[in-house]
Structure formats: structure tokens, C-alpha cells
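**Q** One structure, as C-alpha cells, below. Some questions next.
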Amino acid sequence: MIENRVLKGVFLVAFGATSYGMLATFVKMAYNEGYTTAEITSSQFILGILGILVINLFQKTRTKNKNKTQKASKKNIFYLMLAGTSLGMTSVFYYLAVKYIPVSIGIVLLMQTVWMGVLLEMILEKKTPSTQKIISVVIVLIGTVLATNLIKNEIPLDWHGIMWGVLAAASFTTTMFTANRVATEISSAQRSLYMLLGGAVIVFSFSIATQTAPYNFDIFLKWGIVLALFGTIIPPMLMNAGFPLTGIGLGSIVSALELPVSVTMAYFLLKEEVNRTQWLGIILIILAIVIMNVNFKKRNKQRSF
């Protein structure tokens, strides 16, 4: 019974991570058709919020006993929307990053959440990182150097893309850190909705400030639905449902699928070159995530019996 629950969780997290891994390629394709960052992000969030609203309404009508679904309090809503602002910043920063640099490099920069999460935990919770985490961070940094092709790259990367990529990783780290701590007692659909509303404040503010040309509403039909599904509806819903079943450790390992999926999509659909050195770096980053989340002490105890 327990194995079935874990297997279900692995499937949910894997599908959620895979969906999110496809997102940057779709964003790049929308850029190639002339759409702006403001149009891409705003259409994604508007349709994403509508989609999550429908899911919430479906859950309410499906539940006969209203007491089964705990409603979010005003305090829950405030803190979830506040946490959601980092979600909005992640979308804006990440999409700006892939505008200047290849998707395969952008996703590697986003994966810097591994060491940023350790640093944030150390500062906020005053925890000294374990040797296991320190080793993982070192492997991530080595993997990043290889995956971004900094050693052999003859064409220098645009510093704008690197800057936005690092900022995206920082805001995504904040999102991950707060999402697992804020209003966890209410449904994942409610949490996703209020976090999206908080993110929408950032996205709409950015859109109003940067959209100088007339807004192209074709984005809603051409790319908005796809971006909303793979960016704001499927990943948070499935991962919020899957992580409680897998646990943070196994869930984090499975969610690393996002990295190879993103690079593979960029390779086939965008024809981005990914050499062996970069693949080695990607493998090292995934290995670091596995090392960070495997409980070696527990395994050693099990072997001793």
C-alpha cells in the first residue's frame, strides 16, 4: 500500500517536472514569432489563474461535505500571495534570461537553486550545512562550469542572460522555500490559486512598465494556453500533490528530470548544440541533487541489521 502511494507520488512529481522542463522551449519559440516578454508572461498568468479557478470550482462541487475542504483564511491568502510574488519574479527573470542565452544554459542557471537553498537555510535557520550538502554544492558548481561550456565556449554568453538567470534562480529558491511552509493545511488548488494571484501582481506590473508596442492578443490562442498548462497549472498541481507522497528527498531527486527534459527539448526543437562536456555537467548537477537528498546514515543502519 505504501509502495503504491510512493509510486503514485513519483509519477505525479515526474510528470510535473517534465511539464515544467518543456516550458522554456515554448517561450523561446514564442520569442521567435515576435511576441514580447510582457505578452508571454501576462497571457500565461491570466489563463493559468482561470484554469486554477475552474479546478477549485470543480473540487467544491465534487465535495459533498463542505467541511472536508478547509477554506483559506485571510491570513493564509495574504501570506500565499506574498509568497507568490517570488513566483511571478521567477517567470519574468527566467523568460528574460532565455531571451538572451540558449535554453540549455538558462535551465542550468535556474538549477543553482541547489546551492542557493543551502545558503538560504543556513542564513534563516542558522543551520551549518552538513558535509553531504557541501559536497553537493561543490559538484553543482563544477557541473555548472561544464554545463554552461564556460571553458571551451568560443562565443561569450550575453551577460544580460546570465544576470537574469541567476536572479531567476534566487527568486525560485525563495518560492520553493516558502511554498513548503505557508498554509500547507489547505488544498493544493487553493494554494496554487493565491500564489498565482500574488505572482500576477508582479507580472502585470512588469507588463505595464515594459510593453511599449500595441499588445498582440494573438498570444492567448497561439501560446498562452500551452504556457499556462505547462507553466502554471500542471507543474504546481502535480508537484503539490506528489511531494507529500514521495517526501522531500525522493521528490527533489525525481523533480531533477526537469533539467534533462529542458535540454533535450531545446536540442530537438530549437536545434541548440549541446556537446559532451555540457551533458557531463548536467549529469553532475543531477548527481549532486541525488547526493543531497539520499539519507546515507539511514541506509548504513539498515545494512547493519
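Ligands are numbered from 1 in the order shown, chains are lettered A, B, ... in the order of the C-alpha cells, and residues start at 1 in each chain.
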Can you pull out the residues contacting region 217-227 of chain A? Cut-off 6 Å, using only C-alpha atoms, and skip same-chain residues under 3 positions away; I want them as a short mmCIF file (atom, residue, chain, number, x, y, z; two decimals) with N, CA and C atoms, in the first residue's frame.

**A**
data_model
loop_
_atom_site.label_atom_id
_atom_site.label_comp_id
_atom_site.auth_asym_id
_atom_site.auth_seq_id
_atom_site.Cartn_x
_atom_site.Cartn_y
_atom_site.Cartn_z
N SER A 43 -0.10 36.55 -20.57
CA SER A 43 -1.05 35.56 -21.12
C SER A 43 -0.99 34.26 -20.33
N GLN A 44 0.23 33.86 -19.95
CA GLN A 44 0.40 32.64 -19.16
C GLN A 44 -0.31 32.74 -17.82
N PHE A 230 1.63 24.21 -19.13
CA PHE A 230 2.93 23.66 -18.76
C PHE A 230 3.70 24.51 -17.74
N GLY A 231 3.20 25.74 -17.49
CA GLY A 231 3.92 26.61 -16.56
C GLY A 231 3.22 26.90 -15.26
#

**Q** As a list in words, please: the residues near Tyr267 (chain A) (cut-off 12 Å, only C-alpha atoms, same-chain neighbours under 4 positions excluded).

**A**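 Once the adjacent positions are removed, what remains is Met22, Thr25, Pro102, Val103, Ser104, Ile105, Pro260, Val261, Ser262, Val263, Lys271, Glu272, Glu273, Val274, Asn275 and Trp279 of chain A.
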
**Q** What would the file look like if the residues just selected were written as a compact mmCIF listing (two decimals), in the first residue's frame with all heavy atoms?

**A**
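Output file selection35.txt follows:
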# COMPACT_ATOMS: atom_id res chain seq x y z
N MET A 22 9.60 21.53 -20.24
CA MET A 22 9.26 21.88 -21.62
C MET A 22 9.03 23.37 -21.81
O MET A 22 9.10 23.89 -22.93
CB MET A 22 7.99 21.13 -22.05
CG MET A 22 8.11 19.63 -22.05
SD MET A 22 6.52 18.88 -22.49
CE MET A 22 6.92 17.14 -22.30
N THR A 25 11.43 26.06 -23.76
CA THR A 25 11.47 25.87 -25.22
C THR A 25 10.27 26.54 -25.88
O THR A 25 10.41 27.21 -26.92
CB THR A 25 11.50 24.37 -25.57
OG1 THR A 25 12.71 23.80 -25.06
CG2 THR A 25 11.44 24.16 -27.07
N PRO A 102 20.92 30.59 -24.63
CA PRO A 102 20.23 29.36 -25.01
C PRO A 102 19.44 28.78 -23.83
O PRO A 102 19.80 28.96 -22.67
CB PRO A 102 21.39 28.42 -25.40
CG PRO A 102 22.51 29.32 -25.76
CD PRO A 102 22.38 30.52 -24.88
N VAL A 103 18.38 28.05 -24.15
CA VAL A 103 17.54 27.41 -23.12
C VAL A 103 18.36 26.44 -22.28
O VAL A 103 18.18 26.36 -21.06
CB VAL A 103 16.35 26.67 -23.80
CG1 VAL A 103 15.64 25.76 -22.81
CG2 VAL A 103 15.38 27.68 -24.39
N SER A 104 19.27 25.71 -22.92
CA SER A 104 20.09 24.73 -22.22
C SER A 104 20.98 25.39 -21.15
O SER A 104 21.29 24.77 -20.12
CB SER A 104 20.97 23.96 -23.20
OG SER A 104 21.74 24.84 -24.01
N ILE A 105 21.36 26.63 -21.37
CA ILE A 105 22.15 27.37 -20.38
C ILE A 105 21.23 27.96 -19.31
O ILE A 105 21.53 27.94 -18.12
CB ILE A 105 22.96 28.52 -21.04
CG1 ILE A 105 23.85 27.97 -22.17
CG2 ILE A 105 23.80 29.26 -20.01
CD1 ILE A 105 24.90 27.00 -21.73
N PRO A 260 17.26 17.49 -17.70
CA PRO A 260 17.49 16.82 -18.99
C PRO A 260 16.35 17.00 -19.99
O PRO A 260 16.58 17.06 -21.20
CB PRO A 260 17.64 15.33 -18.60
CG PRO A 260 17.01 15.21 -17.27
CD PRO A 260 17.22 16.52 -16.59
N VAL A 261 15.11 17.10 -19.50
CA VAL A 261 13.96 17.30 -20.39
C VAL A 261 14.08 18.64 -21.10
O VAL A 261 13.88 18.76 -22.31
CB VAL A 261 12.62 17.22 -19.61
CG1 VAL A 261 11.46 17.74 -20.46
CG2 VAL A 261 12.34 15.79 -19.20
N SER A 262 14.41 19.69 -20.35
CA SER A 262 14.55 21.03 -20.91
C SER A 262 15.65 21.08 -21.97
O SER A 262 15.47 21.65 -23.05
CB SER A 262 14.84 22.03 -19.80
OG SER A 262 14.84 23.35 -20.30
N VAL A 263 16.79 20.47 -21.66
CA VAL A 263 17.93 20.47 -22.59
C VAL A 263 17.60 19.65 -23.84
O VAL A 263 17.92 20.06 -24.97
CB VAL A 263 19.19 19.92 -21.90
CG1 VAL A 263 20.34 19.78 -22.90
CG2 VAL A 263 19.62 20.82 -20.75
N LYS A 271 17.13 23.24 -32.03
CA LYS A 271 18.42 22.90 -32.68
C LYS A 271 19.61 23.51 -31.94
O LYS A 271 20.61 23.89 -32.56
CB LYS A 271 18.42 23.34 -34.15
CG LYS A 271 17.23 22.89 -34.97
CD LYS A 271 17.12 21.38 -35.02
CE LYS A 271 15.90 20.94 -35.83
NZ LYS A 271 15.69 19.46 -35.79
N GLU A 272 19.50 23.61 -30.62
CA GLU A 272 20.62 24.13 -29.82
C GLU A 272 21.69 23.04 -29.70
O GLU A 272 21.38 21.88 -29.45
CB GLU A 272 20.15 24.55 -28.43
CG GLU A 272 19.31 25.81 -28.41
CD GLU A 272 19.00 26.29 -27.00
OE1 GLU A 272 19.50 25.67 -26.04
OE2 GLU A 272 18.27 27.28 -26.87
N GLU A 273 22.94 23.45 -29.85
CA GLU A 273 24.04 22.49 -29.74
C GLU A 273 24.34 22.21 -28.27
O GLU A 273 24.50 23.13 -27.47
CB GLU A 273 25.30 23.05 -30.43
CG GLU A 273 25.20 23.05 -31.94
CD GLU A 273 26.51 23.44 -32.61
OE1 GLU A 273 27.55 23.38 -31.93
OE2 GLU A 273 26.48 23.82 -33.78
N VAL A 274 24.42 20.94 -27.94
CA VAL A 274 24.79 20.52 -26.58
C VAL A 274 25.88 19.47 -26.72
O VAL A 274 25.63 18.35 -27.19
CB VAL A 274 23.58 19.93 -25.82
CG1 VAL A 274 23.97 19.63 -24.37
CG2 VAL A 274 22.39 20.87 -25.87
N ASN A 275 27.11 19.82 -26.35
CA ASN A 275 28.23 18.89 -26.53
C ASN A 275 28.37 17.94 -25.33
O ASN A 275 27.64 18.04 -24.35
CB ASN A 275 29.54 19.66 -26.78
CG ASN A 275 29.87 20.63 -25.65
OD1 ASN A 275 29.67 20.33 -24.47
ND2 ASN A 275 30.39 21.79 -26.00
N TRP A 279 26.76 17.83 -21.38
CA TRP A 279 25.97 16.71 -20.85
C TRP A 279 26.60 16.17 -19.56
O TRP A 279 25.88 15.79 -18.63
CB TRP A 279 25.86 15.59 -21.88
CG TRP A 279 24.76 15.80 -22.88
CD1 TRP A 279 24.88 16.01 -24.22
CD2 TRP A 279 23.35 15.83 -22.61
NE1 TRP A 279 23.65 16.17 -24.80
CE2 TRP A 279 22.69 16.06 -23.85
CE3 TRP A 279 22.59 15.69 -21.45
CZ2 TRP A 279 21.31 16.15 -23.94
CZ3 TRP A 279 21.20 15.76 -21.54
CH2 TRP A 279 20.58 15.99 -22.77

**Q** May I ask for the distance between CA of Ile134 (chain A) and CA of Val114 (chain A), given in Å to one decimal place?

**A**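 Value for the CA of Ile134 (chain A)-CA of Val114 (chain A) distance: 10.7 Å.
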
**Q** Choose the residue, out of A:Gln59, A:Thr131, A:Ser136, A:Thr144, that has the smallest atom-to-atom separation from Ile107 (chain A); count only C-alpha atoms.

**A**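 Of the candidates, the smallest distance to Ile107 (chain A) is held by A:Thr144.
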
**Q** Closest to Ser188 (chain A) among A:Asn295, A:Asn32, A:Thr113, A:Gln70, using only C-alpha atoms?

**A** A:Gln70

**Q** Can you list, as number ranges by chain, every protein, DNA or RNA residue that comes within 8 Å of Phe45 (chain A) when you count only C-alpha atoms, leaving out same-chain residues fewer than 4 positions away?

**A** A: 41, 49, 196, 200, 203, 228, 232

**Q** Residues at most 12 Å from Val108 (chain A), counting only C-alpha atoms, excluding those fewer than 3 positions away in the same chain, as a ChimeraX atom specification?

**A** /A:21,24,94,97-98,101-105,111-114,140-149,161-162,165-166,168-169,256,258-263,278-279,281-286

**Q** Produce a table with one row for each residue of region 164-262 of chain A that has an atom at most 10 Å from any atom of region 72-78 of chain A, each row naming the nearest atom pair and its distance in Å at one decimal; use only C-alpha atoms; arrange rows by chain and rising residue number; format as a Markdown table.

**A**
| residue | atom | partner | partner_atom | distance |
| --- | --- | --- | --- | --- |
| A:Val182 | CA | A:Asn76 | CA | 7.4 |
| A:Ala183 | CA | A:Asn76 | CA | 5.6 |
| A:Thr184 | CA | A:Asn76 | CA | 9.3 |
| A:Glu185 | CA | A:Ala72 | CA | 8.8 |
| A:Ile186 | CA | A:Ala72 | CA | 6.4 |
| A:Ser187 | CA | A:Ala72 | CA | 8.7 |
| A:Gln190 | CA | A:Ala72 | CA | 7.3 |
| A:Arg191 | CA | A:Ile77 | CA | 8.3 |
| A:Leu193 | CA | A:Ile77 | CA | 9.5 |
| A:Tyr194 | CA | A:Ile77 | CA | 6.1 |
| A:Met195 | CA | A:Ile77 | CA | 8.4 |
| A:Leu197 | CA | A:Ile77 | CA | 9.6 |
| A:Gly198 | CA | A:Phe78 | CA | 8.8 |

**Q** How about saving the chosen residues, all heavy atoms kept, as a compact mmCIF listing (two decimals), in the first residue's frame?

**A**
# COMPACT_ATOMS: atom_id res chain seq x y z
N VAL A 182 4.10 27.66 3.91
CA VAL A 182 2.97 28.58 4.04
C VAL A 182 1.65 27.87 3.75
O VAL A 182 1.47 27.28 2.69
CB VAL A 182 3.14 29.79 3.08
CG1 VAL A 182 1.94 30.73 3.20
CG2 VAL A 182 4.42 30.53 3.38
N ALA A 183 0.72 27.93 4.70
CA ALA A 183 -0.65 27.43 4.55
C ALA A 183 -0.71 26.02 3.95
O ALA A 183 -1.49 25.75 3.03
CB ALA A 183 -1.46 28.40 3.70
N THR A 184 0.10 25.12 4.49
CA THR A 184 0.15 23.74 3.97
C THR A 184 -1.11 22.93 4.31
O THR A 184 -1.30 21.85 3.77
CB THR A 184 1.39 23.01 4.51
OG1 THR A 184 1.39 23.10 5.95
CG2 THR A 184 2.67 23.62 3.98
N GLU A 185 -1.95 23.47 5.21
CA GLU A 185 -3.14 22.74 5.65
C GLU A 185 -4.30 22.84 4.66
O GLU A 185 -5.27 22.08 4.75
CB GLU A 185 -3.61 23.23 7.03
CG GLU A 185 -4.11 24.67 7.08
CD GLU A 185 -3.02 25.72 7.22
OE1 GLU A 185 -1.83 25.36 7.12
OE2 GLU A 185 -3.37 26.90 7.42
N ILE A 186 -4.23 23.77 3.70
CA ILE A 186 -5.32 23.91 2.73
C ILE A 186 -4.96 23.17 1.44
O ILE A 186 -3.82 22.75 1.25
CB ILE A 186 -5.65 25.40 2.44
CG1 ILE A 186 -4.48 26.09 1.76
CG2 ILE A 186 -6.06 26.11 3.71
CD1 ILE A 186 -4.78 27.51 1.33
N SER A 187 -5.93 23.01 0.55
CA SER A 187 -5.73 22.21 -0.67
C SER A 187 -4.69 22.83 -1.60
O SER A 187 -4.47 24.05 -1.59
CB SER A 187 -7.05 22.06 -1.43
OG SER A 187 -7.47 23.31 -1.96
N GLN A 190 -6.11 25.56 -3.92
CA GLN A 190 -6.25 26.88 -3.29
C GLN A 190 -4.90 27.57 -3.16
O GLN A 190 -4.76 28.76 -3.45
CB GLN A 190 -6.89 26.74 -1.90
CG GLN A 190 -8.35 26.40 -1.90
CD GLN A 190 -8.92 26.40 -0.49
OE1 GLN A 190 -9.27 27.43 0.06
NE2 GLN A 190 -8.99 25.21 0.10
N ARG A 191 -3.90 26.80 -2.73
CA ARG A 191 -2.56 27.36 -2.57
C ARG A 191 -2.02 27.86 -3.91
O ARG A 191 -1.43 28.93 -4.00
CB ARG A 191 -1.62 26.31 -1.97
CG ARG A 191 -1.99 25.95 -0.53
CD ARG A 191 -1.13 24.83 0.03
NE ARG A 191 0.18 25.34 0.36
CZ ARG A 191 1.32 24.87 -0.15
NH1 ARG A 191 1.32 23.91 -1.03
NH2 ARG A 191 2.47 25.38 0.21
N LEU A 193 -3.75 28.82 -6.51
CA LEU A 193 -4.53 29.98 -6.95
C LEU A 193 -4.02 31.27 -6.32
O LEU A 193 -3.75 32.25 -7.02
CB LEU A 193 -6.01 29.79 -6.60
CG LEU A 193 -6.93 30.99 -6.89
CD1 LEU A 193 -6.94 31.33 -8.37
CD2 LEU A 193 -8.34 30.71 -6.39
N TYR A 194 -3.85 31.28 -5.00
CA TYR A 194 -3.45 32.51 -4.31
C TYR A 194 -1.99 32.88 -4.59
O TYR A 194 -1.65 34.06 -4.66
CB TYR A 194 -3.72 32.39 -2.81
CG TYR A 194 -5.19 32.29 -2.50
CD1 TYR A 194 -5.71 31.19 -1.83
CD2 TYR A 194 -6.07 33.29 -2.92
CE1 TYR A 194 -7.08 31.09 -1.57
CE2 TYR A 194 -7.44 33.20 -2.66
CZ TYR A 194 -7.93 32.10 -1.99
OH TYR A 194 -9.28 32.00 -1.75
N MET A 195 -1.15 31.85 -4.80
CA MET A 195 0.24 32.14 -5.17
C MET A 195 0.30 32.73 -6.57
O MET A 195 1.10 33.64 -6.85
CB MET A 195 1.10 30.88 -5.07
CG MET A 195 1.41 30.48 -3.63
SD MET A 195 2.60 29.13 -3.51
CE MET A 195 4.13 29.98 -3.91
N LEU A 197 -2.09 34.51 -7.95
CA LEU A 197 -2.61 35.88 -7.85
C LEU A 197 -1.51 36.83 -7.37
O LEU A 197 -1.39 37.96 -7.85
CB LEU A 197 -3.81 35.92 -6.90
CG LEU A 197 -5.10 35.29 -7.44
CD1 LEU A 197 -6.15 35.21 -6.33
CD2 LEU A 197 -5.65 36.07 -8.63
N GLY A 198 -0.70 36.35 -6.43
CA GLY A 198 0.44 37.15 -5.95
C GLY A 198 1.47 37.36 -7.05
O GLY A 198 2.00 38.46 -7.23

**Q** So that I can see what lies close to Thr90 (chain A), please list as a list in words the residues with an atom at most 9 Å from it, counting only C-alpha atoms and leaving out residues fewer than 5 positions away in the same chain.

**A**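 Surrounding residues, per the criterion: Thr85, Tyr95, Leu167, Ala168, Ala169, Ala170, Ser171, Phe172, Thr175 and Gly199 of chain A.
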
**Q** Which residue out of A:Leu96, A:Ala288, A:Val254, A:Ala179 has the minimum interatomic distance to Gly9 (chain A) when only C-alpha atoms are used?

**A**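 Ranking A:Leu96, A:Ala288, A:Val254, A:Ala179 by distance to Gly9 (chain A), first place goes to A:Val254.
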
**Q** Among region 107-271 of chain A, which residues carry a DSSP assignment of alpha helix (DSSP H), reported as a ChimeraX atom specification?

**A** /A:107-110,113-124,131-147,159-179,188-210,219,225-228,234-246,248-255,258-269

**Q** So that I can check the surroundings of Ile253 (chain A), please list as a PyMOL selection string every protein, DNA and RNA residue that reaches within 12 Å of it, counting only C-alpha atoms and ignoring chain neighbours fewer than 2 positions away.

**A** chain A and resi 10+13-14+17+114+243+246-251+255-259+285-294

**Q** Would you kindly return, as a list in words, each protein, DNA or RNA residue with an atom no farther than 8 Å from any atom of Val118 (chain A), considering only C-alpha atoms and excluding same-chain residues fewer than 3 positions away?

**A** Val114, Trp115, Glu121, Met122, Pro129 and Lys133 of chain A

**Q** Could you check which of A:Pro236, A:Gly34, A:Ala189, A:Arg5 is closest to Phe58 (chain A), using only C-alpha atoms?

**A**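 Checking each of A:Pro236, A:Gly34, A:Ala189, A:Arg5 against Phe58 (chain A), counting only C-alpha atoms, the winner is A:Ala189.
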
**Q** Closest to Ser19 (chain A) among A:Leu270, A:Leu119, A:Met176, A:Leu229, using only C-alpha atoms?

**A**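 So, comparing all the options, the nearest one is A:Leu229.
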
**Q** How many Å separate CA of Ser192 (chain A) from CA of Leu23 (chain A)?

**A** 17.7 Å
